[in-house]
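**Student:** Got a structure for you, protein-v6.csv, holding CSV, C-alpha atoms.
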chain,number,residue,atom,x,y,z
A,1,MET,CA,-109.8,1.0,0.9
A,2,THR,CA,-108.3,4.4,0.9
A,3,GLN,CA,-105.0,5.2,2.4
A,4,ASN,CA,-104.9,6.8,5.9
A,5,LYS,CA,-103.1,10.1,6.4
A,6,ASP,CA,-102.1,9.8,10.0
A,7,VAL,CA,-99.9,12.4,11.5
A,8,THR,CA,-96.4,11.0,12.2
A,9,ARG,CA,-94.5,11.4,15.5
A,10,ASN,CA,-92.3,14.1,14.1
A,11,LYS,CA,-95.2,16.3,13.2
A,12,ASP,CA,-95.1,19.8,14.8
A,13,LEU,CA,-97.9,19.8,17.4
A,14,THR,CA,-96.8,23.1,18.9
A,15,GLY,CA,-99.0,26.2,19.2
A,16,THR,CA,-102.6,26.3,20.3
A,17,TYR,CA,-105.2,24.5,18.3
A,18,ASP,CA,-108.7,26.0,18.0
A,19,VAL,CA,-110.1,22.6,18.9
A,20,VAL,CA,-108.6,19.2,20.0
A,21,VAL,CA,-110.9,16.3,19.4
A,22,VAL,CA,-110.1,13.3,21.6
A,23,GLY,CA,-111.2,10.1,19.9
A,24,GLY,CA,-111.2,9.3,16.2
A,25,GLY,CA,-114.3,7.2,15.8
A,26,ALA,CA,-117.5,8.2,14.0
A,27,ALA,CA,-118.3,11.0,16.4
A,28,GLY,CA,-114.8,12.5,16.5
A,29,LEU,CA,-114.2,12.3,12.7
A,30,SER,CA,-117.6,13.8,12.0
A,31,ALA,CA,-116.8,16.7,14.4
A,32,ALA,CA,-113.4,17.1,12.8
A,33,LEU,CA,-115.0,17.4,9.4
A,34,VAL,CA,-117.2,20.2,10.4
A,35,LEU,CA,-114.4,22.0,12.2
A,36,GLY,CA,-112.0,21.7,9.3
A,37,ARG,CA,-114.6,23.0,6.9
A,38,SER,CA,-115.1,25.9,9.3
A,39,ARG,CA,-111.4,26.9,8.9
A,40,LEU,CA,-110.5,26.0,12.5
A,41,ARG,CA,-107.1,24.6,13.3
A,42,THR,CA,-108.1,21.1,14.5
A,43,LEU,CA,-106.3,18.1,15.9
A,44,VAL,CA,-107.8,14.6,16.3
A,45,VAL,CA,-106.0,12.4,18.9
A,46,ASP,CA,-106.9,8.8,18.2
A,47,ALA,CA,-105.8,5.7,20.1
A,48,GLY,CA,-107.2,3.5,17.4
A,49,GLU,CA,-109.5,1.4,19.5
A,50,PRO,CA,-113.0,1.7,18.0
A,51,ARG,CA,-115.8,0.0,19.9
A,52,ASN,CA,-117.1,-1.8,16.8
A,53,ALA,CA,-113.7,-3.2,15.7
A,54,PRO,CA,-114.8,-6.8,16.3
A,55,SER,CA,-117.6,-6.4,13.7
A,56,ALA,CA,-117.0,-7.2,10.1
A,57,HIS,CA,-119.8,-4.9,8.9
A,58,MET,CA,-121.8,-2.0,10.3
A,59,GLN,CA,-125.5,-1.8,9.5
A,60,GLY,CA,-128.4,0.7,9.5
A,61,TYR,CA,-126.4,3.7,8.3
A,62,LEU,CA,-128.0,5.0,5.2
A,63,THR,CA,-125.7,4.7,2.1
A,64,ARG,CA,-123.1,2.9,4.3
A,65,ASP,CA,-125.1,-0.2,5.2
A,66,GLY,CA,-122.8,-3.2,5.1
A,67,MET,CA,-119.5,-1.2,5.1
A,68,SER,CA,-116.7,-2.5,7.3
A,69,PRO,CA,-116.0,-0.2,10.3
A,70,ALA,CA,-112.3,-0.1,9.3
A,71,GLU,CA,-113.2,1.2,5.8
A,72,PHE,CA,-115.6,3.7,7.2
A,73,LEU,CA,-113.0,5.2,9.5
A,74,ALA,CA,-110.3,5.2,6.7
A,75,LEU,CA,-112.6,7.2,4.4
A,76,GLY,CA,-113.4,9.6,7.3
A,77,ARG,CA,-109.7,10.2,8.0
A,78,ASP,CA,-109.1,10.9,4.3
A,79,GLU,CA,-112.0,13.4,4.3
A,80,ILE,CA,-110.8,15.4,7.2
A,81,ALA,CA,-107.3,15.6,5.8
A,82,ARG,CA,-108.7,17.5,2.8
A,83,TYR,CA,-109.6,20.3,5.1
A,84,GLY,CA,-106.3,20.5,6.9
A,85,VAL,CA,-107.3,18.6,10.0
A,86,GLU,CA,-104.4,16.9,11.7
A,87,LEU,CA,-104.6,13.4,13.2
A,88,VAL,CA,-102.1,11.8,15.6
A,89,ARG,CA,-102.1,8.2,16.7
A,90,ASP,CA,-101.8,8.5,20.4
A,91,ARG,CA,-103.8,8.4,23.6
A,92,ALA,CA,-104.8,11.4,25.7
A,93,VAL,CA,-103.8,10.5,29.3
A,94,ASP,CA,-104.4,13.7,31.1
A,95,VAL,CA,-105.9,17.1,30.7
A,96,SER,CA,-105.8,20.4,32.6
A,97,ARG,CA,-106.9,23.9,32.1
A,98,ASP,CA,-105.4,27.3,32.7
A,99,GLU,CA,-106.2,29.9,30.0
A,100,ASP,CA,-106.5,27.1,27.4
A,101,PHE,CA,-106.7,23.3,27.7
A,102,ALA,CA,-103.5,21.3,27.9
A,103,VAL,CA,-103.9,17.7,26.8
A,104,ARG,CA,-101.0,15.4,27.6
A,105,LEU,CA,-100.4,12.4,25.3
A,106,ALA,CA,-99.0,9.0,26.1
A,107,GLY,CA,-96.2,9.7,23.7
A,108,GLY,CA,-95.0,12.5,26.0
A,109,GLU,CA,-96.2,15.6,24.1
A,110,THR,CA,-98.7,18.1,25.4
A,111,VAL,CA,-101.1,19.8,22.9
A,112,HIS,CA,-103.0,23.0,23.7
A,113,ALA,CA,-106.5,23.9,22.6
A,114,ARG,CA,-109.1,26.6,23.1
A,115,ARG,CA,-111.9,24.1,23.0
A,116,LEU,CA,-112.2,20.3,23.5
A,117,ILE,CA,-114.6,17.7,22.1
A,118,VAL,CA,-114.2,14.4,23.9
A,119,THR,CA,-115.4,11.3,22.0
A,120,THR,CA,-113.6,8.6,23.9
A,121,GLY,CA,-116.6,6.3,23.8
A,122,LEU,CA,-116.7,3.2,26.0
A,123,ARG,CA,-115.5,-0.4,26.1
A,124,ASP,CA,-117.6,-3.5,26.4
A,125,GLU,CA,-116.9,-5.8,29.3
A,126,LEU,CA,-118.1,-9.3,28.2
A,127,PRO,CA,-119.5,-12.1,30.4
A,128,ALA,CA,-116.7,-14.4,31.5
A,129,VAL,CA,-118.0,-17.4,29.6
A,130,PRO,CA,-115.4,-19.4,27.5
A,131,GLY,CA,-116.1,-18.7,23.9
A,132,VAL,CA,-117.9,-15.4,24.3
A,133,ALA,CA,-115.0,-13.1,23.8
A,134,GLU,CA,-113.6,-15.2,21.0
A,135,ARG,CA,-116.9,-15.2,19.0
A,136,PHE,CA,-118.0,-11.6,19.8
A,137,GLY,CA,-119.0,-9.7,16.7
A,138,ARG,CA,-119.3,-13.0,14.7
A,139,ASP,CA,-122.0,-15.3,16.1
A,140,VAL,CA,-122.0,-13.8,19.6
A,141,LEU,CA,-123.8,-10.5,19.2
A,142,HIS,CA,-125.4,-7.8,21.4
A,143,CYS,CA,-127.6,-5.7,19.1
A,144,PRO,CA,-130.5,-7.0,16.9
A,145,PHE,CA,-130.6,-3.7,15.1
A,146,CYS,CA,-126.9,-4.1,14.2
A,147,HIS,CA,-126.9,-7.8,13.3
A,148,GLY,CA,-130.5,-9.2,13.4
A,149,TRP,CA,-131.1,-9.2,9.7
A,150,GLU,CA,-127.9,-11.1,9.0
A,151,VAL,CA,-128.8,-13.9,11.4
A,152,ARG,CA,-132.6,-13.9,11.0
A,153,ASP,CA,-134.4,-17.2,11.6
A,154,GLU,CA,-131.4,-18.9,13.1
A,155,ARG,CA,-131.5,-20.6,16.5
A,156,PHE,CA,-130.9,-17.8,19.0
A,157,GLY,CA,-129.7,-18.1,22.6
A,158,VAL,CA,-129.7,-15.1,25.0
A,159,LEU,CA,-127.2,-15.2,27.9
A,160,ALA,CA,-128.8,-13.6,30.9
A,161,THR,CA,-126.6,-11.6,33.2
A,162,SER,CA,-129.4,-9.6,34.9
A,163,PRO,CA,-133.2,-9.4,34.8
A,164,LEU,CA,-132.8,-6.8,32.0
A,165,SER,CA,-131.8,-9.7,29.8
A,166,VAL,CA,-135.5,-10.6,29.5
A,167,HIS,CA,-135.9,-7.4,27.5
A,168,GLN,CA,-133.1,-8.5,25.2
A,169,ALA,CA,-134.7,-11.9,24.7
A,170,LEU,CA,-138.1,-10.3,23.9
A,171,MET,CA,-136.5,-7.9,21.4
A,172,VAL,CA,-134.5,-10.5,19.5
A,173,SER,CA,-137.7,-12.6,19.1
A,174,GLY,CA,-138.6,-10.2,16.3
A,175,TRP,CA,-135.8,-11.8,14.2
A,176,SER,CA,-136.3,-15.5,15.0
A,177,ASP,CA,-139.1,-17.7,16.3
A,178,ASP,CA,-136.5,-20.0,17.9
A,179,VAL,CA,-135.2,-18.2,21.0
A,180,THR,CA,-133.9,-19.6,24.3
A,181,LEU,CA,-133.2,-17.5,27.3
A,182,PHE,CA,-130.4,-19.1,29.4
A,183,LEU,CA,-130.8,-17.7,32.9
A,184,HIS,CA,-127.1,-18.3,33.7
A,185,THR,CA,-126.5,-16.0,36.7
A,186,VAL,CA,-130.1,-15.0,37.1
A,187,ALA,CA,-132.4,-16.9,39.5
A,188,GLU,CA,-135.8,-17.9,38.2
A,189,GLU,CA,-137.5,-16.0,41.1
A,190,GLU,CA,-135.9,-12.7,39.8
A,191,LEU,CA,-138.2,-12.8,36.8
A,192,SER,CA,-141.5,-11.0,37.4
A,193,ASP,CA,-144.9,-12.4,36.4
A,194,ASP,CA,-145.0,-9.9,33.6
A,195,ASP,CA,-141.7,-11.2,32.4
A,196,LEU,CA,-142.9,-14.8,32.3
A,197,ARG,CA,-146.1,-13.9,30.5
A,198,ARG,CA,-144.3,-11.9,27.8
A,199,LEU,CA,-141.7,-14.6,27.3
A,200,ALA,CA,-144.4,-17.2,26.9
A,201,ALA,CA,-146.3,-15.0,24.5
A,202,ALA,CA,-143.1,-14.5,22.4
A,203,GLY,CA,-142.4,-18.3,22.4
A,204,VAL,CA,-139.1,-17.8,24.2
A,205,LYS,CA,-137.9,-20.9,26.1
A,206,VAL,CA,-136.4,-20.3,29.5
A,207,VAL,CA,-133.6,-22.6,30.7
A,208,PRO,CA,-132.3,-22.2,34.2
A,209,GLY,CA,-128.7,-23.1,35.2
A,210,GLU,CA,-125.3,-21.6,34.7
A,211,VAL,CA,-123.7,-21.6,31.3
A,212,ALA,CA,-120.3,-23.2,31.3
A,213,ALA,CA,-119.1,-22.5,27.8
A,214,LEU,CA,-120.1,-22.1,24.1
A,215,ARG,CA,-119.7,-25.1,21.8
A,216,VAL,CA,-117.8,-24.3,18.6
A,217,GLU,CA,-117.2,-26.7,15.7
A,218,ASP,CA,-115.3,-25.9,12.5
A,219,ASP,CA,-115.1,-22.3,13.6
A,220,ARG,CA,-118.9,-22.0,13.9
A,221,LEU,CA,-121.0,-21.7,17.0
A,222,THR,CA,-123.1,-24.8,17.4
A,223,GLY,CA,-124.4,-24.8,21.0
A,224,VAL,CA,-124.5,-23.7,24.6
A,225,ARG,CA,-123.2,-26.0,27.2
A,226,LEU,CA,-124.5,-25.7,30.8
A,227,ALA,CA,-122.6,-26.5,34.0
A,228,ASP,CA,-124.5,-29.8,34.3
A,229,GLY,CA,-123.1,-30.9,31.0
A,230,THR,CA,-126.3,-30.6,28.9
A,231,VAL,CA,-125.9,-28.9,25.5
A,232,HIS,CA,-128.5,-26.9,23.7
A,233,ASP,CA,-128.1,-26.5,20.0
A,234,ARG,CA,-127.8,-22.7,19.1
A,235,THR,CA,-126.2,-21.0,16.2
A,236,VAL,CA,-126.3,-17.4,17.5
A,237,VAL,CA,-125.9,-16.1,21.1
A,238,PHE,CA,-126.9,-12.6,22.2
A,239,VAL,CA,-125.2,-11.2,25.2
A,240,ALA,CA,-125.4,-7.9,27.1
A,241,PRO,CA,-121.9,-6.5,27.6
A,242,LYS,CA,-121.3,-4.3,30.6
A,243,PRO,CA,-120.6,-0.8,29.2
A,244,VAL,CA,-117.6,0.9,30.8
A,245,PRO,CA,-117.6,4.6,29.9
A,246,GLN,CA,-114.2,6.1,29.2
A,247,THR,CA,-114.7,9.1,31.4
A,248,GLY,CA,-111.2,9.7,32.8
A,249,LEU,CA,-110.6,13.0,31.1
A,250,MET,CA,-114.1,14.2,32.1
A,251,GLU,CA,-113.4,13.4,35.7
A,252,ARG,CA,-110.1,15.2,35.6
A,253,LEU,CA,-111.8,18.3,34.4
A,254,GLY,CA,-114.5,18.0,37.1
A,255,ALA,CA,-117.4,17.5,34.7
A,256,GLN,CA,-120.7,16.7,36.3
A,257,LEU,CA,-121.6,13.0,35.7
A,258,GLN,CA,-124.9,11.2,36.1
A,259,GLU,CA,-125.4,7.6,37.1
A,260,THR,CA,-127.5,5.4,34.8
A,261,PRO,CA,-128.2,1.6,34.8
A,262,PHE,CA,-125.5,1.4,32.1
A,263,GLY,CA,-122.7,3.5,33.7
A,264,SER,CA,-121.9,7.0,34.6
A,265,TYR,CA,-122.0,9.6,31.8
A,266,PRO,CA,-121.5,13.4,31.5
A,267,VAL,CA,-124.5,15.7,31.9
A,268,VAL,CA,-124.9,17.5,28.6
A,269,ASP,CA,-127.2,20.0,26.9
A,270,PRO,CA,-128.8,19.1,23.5
A,271,THR,CA,-125.5,20.1,21.6
A,272,GLY,CA,-123.3,17.9,23.8
A,273,ARG,CA,-122.0,20.7,25.9
A,274,THR,CA,-120.8,19.5,29.3
A,275,SER,CA,-120.8,21.3,32.6
A,276,VAL,CA,-117.2,22.3,32.0
A,277,PRO,CA,-117.0,25.5,29.9
A,278,GLY,CA,-115.4,24.8,26.6
A,279,VAL,CA,-115.9,21.1,26.6
A,280,TRP,CA,-118.4,19.1,24.5
A,281,THR,CA,-118.9,15.4,24.0
A,282,ALA,CA,-120.6,13.0,21.6
A,283,GLY,CA,-121.1,9.4,20.7
A,284,ASN,CA,-120.8,6.6,23.2
A,285,ALA,CA,-119.0,9.0,25.5
A,286,LEU,CA,-122.4,10.3,26.5
A,287,GLY,CA,-124.5,7.1,26.3
A,288,PHE,CA,-124.1,3.4,25.7
A,289,ALA,CA,-126.8,3.1,23.0
A,290,GLU,CA,-125.4,5.5,20.5
A,291,GLN,CA,-125.0,3.7,17.1
A,292,VAL,CA,-122.6,4.9,14.4
A,293,VAL,CA,-125.2,7.0,12.7
A,294,HIS,CA,-126.1,8.7,16.1
A,295,ALA,CA,-122.4,9.2,16.9
A,296,ALA,CA,-121.7,10.9,13.6
A,297,SER,CA,-124.8,13.1,14.0
A,298,GLY,CA,-123.8,14.0,17.6
A,299,GLY,CA,-120.2,14.9,16.5
A,300,TYR,CA,-121.6,17.2,13.8
A,301,ARG,CA,-123.9,18.9,16.3
A,302,ALA,CA,-121.2,19.4,18.9
A,303,ALA,CA,-118.8,20.8,16.3
A,304,ALA,CA,-121.3,23.3,15.0
A,305,ALA,CA,-121.9,24.5,18.6
A,306,VAL,CA,-118.2,24.8,19.1
A,307,VAL,CA,-117.8,26.9,15.9
A,308,GLY,CA,-120.5,29.2,17.0
A,309,ASP,CA,-119.0,29.5,20.5
A,310,LEU,CA,-115.6,30.4,19.2
A,311,ILE,CA,-116.9,33.0,16.8
A,312,MET,CA,-119.0,34.7,19.4
A,313,SER,CA,-116.2,34.5,22.0
A,314,ASP,CA,-113.8,36.2,19.6
A,315,LEU,CA,-116.3,38.9,18.7
A,316,ASP,CA,-117.0,39.6,22.3
A,317,ALA,CA,-113.3,39.9,23.0
A,318,ALA,CA,-112.9,42.3,20.1
A,319,VAL,CA,-115.8,44.4,21.4
A,320,ALA,CA,-114.3,44.5,24.9
A,321,GLY,CA,-110.9,45.3,23.5
For this file, write the structure as C-alpha cells.
**Tutor:**
Amino acid sequence: MTQNKDVTRNKDLTGTYDVVVVGGGAAGLSAALVLGRSRLRTLVVDAGEPRNAPSAHMQGYLTRDGMSPAEFLALGRDEIARYGVELVRDRAVDVSRDEDFAVRLAGGETVHARRLIVTTGLRDELPAVPGVAERFGRDVLHCPFCHGWEVRDERFGVLATSPLSVHQALMVSGWSDDVTLFLHTVAEEELSDDDLRRLAAAGVKVVPGEVAALRVEDDRLTGVRLADGTVHDRTVVFVAPKPVPQTGLMERLGAQLQETPFGSYPVVDPTGRTSVPGVWTAGNALGFAEQVVHAASGGYRAAAAVVGDLIMSDLDAAVAG
C-alpha cells in the first residue's frame, strides 16, 4: 500500500481555494484529480469515514476488482497529491456564503472557496438484531452485485425489514438456490399475491416470526435464531440497511431536496449541480445506490462542470471589467 500524504494541522489553509471538496471517498478524490489536473487550487476535507470501510474488498470496478477500499483510497490520495491538491483530515461542520463559500471545520479553522463539491455520502443504519452490526461486510451483506460472487451457492438468509425486502430476496436468488426470507418485522399479510408467486417461482422459503439474533460459531455465521428459539442454518444473511444521507451542509445552504423511499437527497442536474449556485454533489450524497465506480464517475463529471463554470465566470468578469 502506498503512503498517504495527508495535510497536517499546521498546514496553511488561508486564502481562497478555487474549489473545496467535502468528502474524500471515491467521488471526492475523483473530482479532486480532475480539478488538480485543471490547475485549480483545490482542498479536500475528509473525515475518514468511508461507507464501504467494513468491506475487505470492493468488486465490479474494472481493473480494481478485489482491491481493498483502504488501498483504493490510499492510491487516490497519492494521485491527487501529484497535482498539488491538498487534503486535510477534518470534518466540515458548517458552511455559509457571502461572496465566496466559508466552510468551518471541526478543528476550528475556516476555509474559503469559490466553488464547492459536496461528496459527504451517507451512513448505513443497520437492523437492531444482535450479530448484524458485528458481521456486516463479512457474512452479513447488503448488495449481491458487491458480494454475490464471493458467497455464491451458500445458504442465504434475507432479513426483512419492509415489504421491499421481497425484492432483495428475489434478487439474491440469482446467486444461490437456497434462500430463506425471514419476515422478522414484516407481517405475512403485507406480502402481495404477486410477491408470493414470485417467491415461490424463485424457490425462496418464507419464514414468519421475529429474528432474535444471529448464531456465530468459531467466528463464522452459522444460523439465524428466531424469537421462539428455533434456529435455521444459514451461512450468509442479506440485510437492507436504512440509508441516512449526510445532507447537513446542503440544508444549511438551502439546497432543494427531494424525498425518496431511501431518504432525502439534493435535486441535481446531469452534472451534479445542485439548486445552490456554485455547489455540486456526487456519489452517495445524491443517491443510496451509487457504487464506487458510479461515485468516481460522478465526481469526474461534477469536477469537469466546475472547471468549465469557473473558466466562463472568469472570462465573463474580464469582459465586464
**Student:** Could you check the closest approach to Ser55 (chain A) for each of A:Arg138, A:Arg37, A:Arg77, A:Arg104 and tell me which residue wins, using only C-alpha atoms?
**Tutor:**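 Answer, going by the shortest atom-to-atom distance: A:Arg138.
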**Student:** Could you make a table, as JSON lines, of the residues of region 251-317 of chain A that have an atom within 10 Å of an atom of region 94-99 of chain A, each with its nearest atom pair and distance in Å to one decimal, counting all atoms listed in the file, in chain and number order?
**Tutor:**
{"residue": "A:Glu251", "atom": "CA", "partner": "A:Val95", "partner_atom": "CA", "distance": 9.7}
{"residue": "A:Arg252", "atom": "CA", "partner": "A:Val95", "partner_atom": "CA", "distance": 6.7}
{"residue": "A:Leu253", "atom": "CA", "partner": "A:Ser96", "partner_atom": "CA", "distance": 6.6}
**Student:** Print the selection's residues with C-alpha atoms to a file, as a short mmCIF file (atom, residue, chain, number, x, y, z; two decimals), keeping the file's coordinate frame.
**Tutor:**
data_model
loop_
_atom_site.label_atom_id
_atom_site.label_comp_id
_atom_site.auth_asym_id
_atom_site.auth_seq_id
_atom_site.Cartn_x
_atom_site.Cartn_y
_atom_site.Cartn_z
CA GLU A 251 -113.40 13.40 35.70
CA ARG A 252 -110.10 15.20 35.60
CA LEU A 253 -111.80 18.30 34.40
#
**Student:** Find the residues near His232 (chain A): any atom within 12 Å, counting only C-alpha atoms, skip ones fewer than 4 places away on the same chain, and give them as a list in words.
**Tutor:** Arg155, Phe156, Gly157, Val158, Val179, Thr180, Leu181, Phe182, Lys205, Val206, Val207, Val211, Ala212, Ala213, Leu214, Arg215, Leu221, Thr222, Gly223, Val224, Arg225, Leu226, Ala227, Asp228, Val236 and Val237 of chain A
**Student:** Counting all atoms listed in the file, which of A:Asp12, A:Glu154, A:Glu125, A:Asp195 gets nearest to Thr110 (chain A)?
**Tutor:**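 Between A:Asp12, A:Glu154, A:Glu125, A:Asp195, the residue approaching Thr110 (chain A) most closely is A:Asp12.
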**Student:** Give me the residues within 10 Å of Val268 (chain A) as a PDB file with C-alpha atoms, keeping the file's coordinate frame, counting all atoms listed in the file and dropping any in the same chain fewer than 6 places off.
**Tutor:**
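Output (result26.pdb):
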ATOM      1  CA  ALA A 255    -117.400  17.500  34.700  1.00  0.00           C
ATOM      2  CA  GLN A 256    -120.700  16.700  36.300  1.00  0.00           C
ATOM      3  CA  LEU A 257    -121.600  13.000  35.700  1.00  0.00           C
ATOM      4  CA  GLN A 258    -124.900  11.200  36.100  1.00  0.00           C
ATOM      5  CA  THR A 274    -120.800  19.500  29.300  1.00  0.00           C
ATOM      6  CA  SER A 275    -120.800  21.300  32.600  1.00  0.00           C
ATOM      7  CA  VAL A 276    -117.200  22.300  32.000  1.00  0.00           C
ATOM      8  CA  VAL A 279    -115.900  21.100  26.600  1.00  0.00           C
ATOM      9  CA  TRP A 280    -118.400  19.100  24.500  1.00  0.00           C
ATOM     10  CA  THR A 281    -118.900  15.400  24.000  1.00  0.00           C
ATOM     11  CA  ALA A 282    -120.600  13.000  21.600  1.00  0.00           C
ATOM     12  CA  LEU A 286    -122.400  10.300  26.500  1.00  0.00           C
TER      13      LEU A 286
END
**Student:** Please provide the set of residues having any atom within 8 Å of Arg41 (chain A), restricted to only C-alpha atoms, with same-chain residues fewer than 3 positions apart removed, written as a PyMOL selection string.
**Tutor:** chain A and resi 17-19+35-36+84-85
**Student:** Have a look at CA of Pro144 (chain A) and CA of Arg51 (chain A) and let me know their distance in Å, one decimal.
**Tutor:**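 Taking CA of Pro144 (chain A) as the start and CA of Arg51 (chain A) as the end point, the length is 16.6 Å.
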**Student:** Residues within 12 Å of His167 (chain A), please, as a list in words. Count all atoms listed in the file; anything in the same chain fewer than 5 positions from it doesn't count.
**Tutor:**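 Listing them by chain and then by number gives Cys143, Pro144, Val158, Leu159, Ala160, Thr161, Ser162, Val172, Ser173, Gly174, Leu181, Leu191, Ser192, Asp194, Asp195, Leu196, Arg198, Leu199, Ala202, Val204, Phe238, Val239 and Ala240 of chain A.
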**Student:** Could you tell me how far CA of Asp46 (chain A) sits from CA of Val22 (chain A), in Å to one decimal place?
**Tutor:**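 About the pair CA of Val22 (chain A) and CA of Asp46 (chain A): they are 6.5 Å apart.
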**Student:** Rounded to one decimal, what separation in Å do you get between CA of Asp153 (chain A) and CA of Leu170 (chain A)?
**Tutor:**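 Going from CA of Asp153 (chain A) over to CA of Leu170 (chain A) covers 14.6 Å.
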**Student:** Would you mind telling me which residue in A:Thr16, A:Thr185, A:Ser176, A:Ser264 lies nearest to Thr42 (chain A) when using all atoms listed in the file?
**Tutor:**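 Smallest separation from Thr42 (chain A) among the options: A:Thr16.
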**Student:** Using only C-alpha atoms for the distances, tell me which of A:His57, A:Arg89, A:Arg220, A:Lys242 is nearest to Gly23 (chain A).
**Tutor:** A:Arg89
**Student:** For Ser313 (chain A), which residue out of A:Glu71, A:Ala296, A:Arg115, A:Pro208 is the nearest one, using only C-alpha atoms?
**Tutor:** A:Arg115
**Student:** What lies within 10 Å of Arg301 (chain A) using all atoms listed in the file, ignoring chain neighbours under 5 positions off, as a list of chain:residue names?
**Tutor:**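 The contact residues come out as A:Ala27, A:Ser30, A:Ala31, A:Val34, A:Pro270, A:Thr271, A:Gly272, A:Arg273, A:Trp280, A:Thr281, A:Ala282, A:Ala295, A:Ala296, A:Val306.
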**Student:** Save the residues we just selected, C-alpha atoms, as a PDB file, in the frame of the given file?
**Tutor:**
ATOM      1  CA  ALA A  27    -118.300  11.000  16.400  1.00  0.00           C
ATOM      2  CA  SER A  30    -117.600  13.800  12.000  1.00  0.00           C
ATOM      3  CA  ALA A  31    -116.800  16.700  14.400  1.00  0.00           C
ATOM      4  CA  VAL A  34    -117.200  20.200  10.400  1.00  0.00           C
ATOM      5  CA  PRO A 270    -128.800  19.100  23.500  1.00  0.00           C
ATOM      6  CA  THR A 271    -125.500  20.100  21.600  1.00  0.00           C
ATOM      7  CA  GLY A 272    -123.300  17.900  23.800  1.00  0.00           C
ATOM      8  CA  ARG A 273    -122.000  20.700  25.900  1.00  0.00           C
ATOM      9  CA  TRP A 280    -118.400  19.100  24.500  1.00  0.00           C
ATOM     10  CA  THR A 281    -118.900  15.400  24.000  1.00  0.00           C
ATOM     11  CA  ALA A 282    -120.600  13.000  21.600  1.00  0.00           C
ATOM     12  CA  ALA A 295    -122.400   9.200  16.900  1.00  0.00           C
ATOM     13  CA  ALA A 296    -121.700  10.900  13.600  1.00  0.00           C
ATOM     14  CA  VAL A 306    -118.200  24.800  19.100  1.00  0.00           C
TER      15      VAL A 306
END
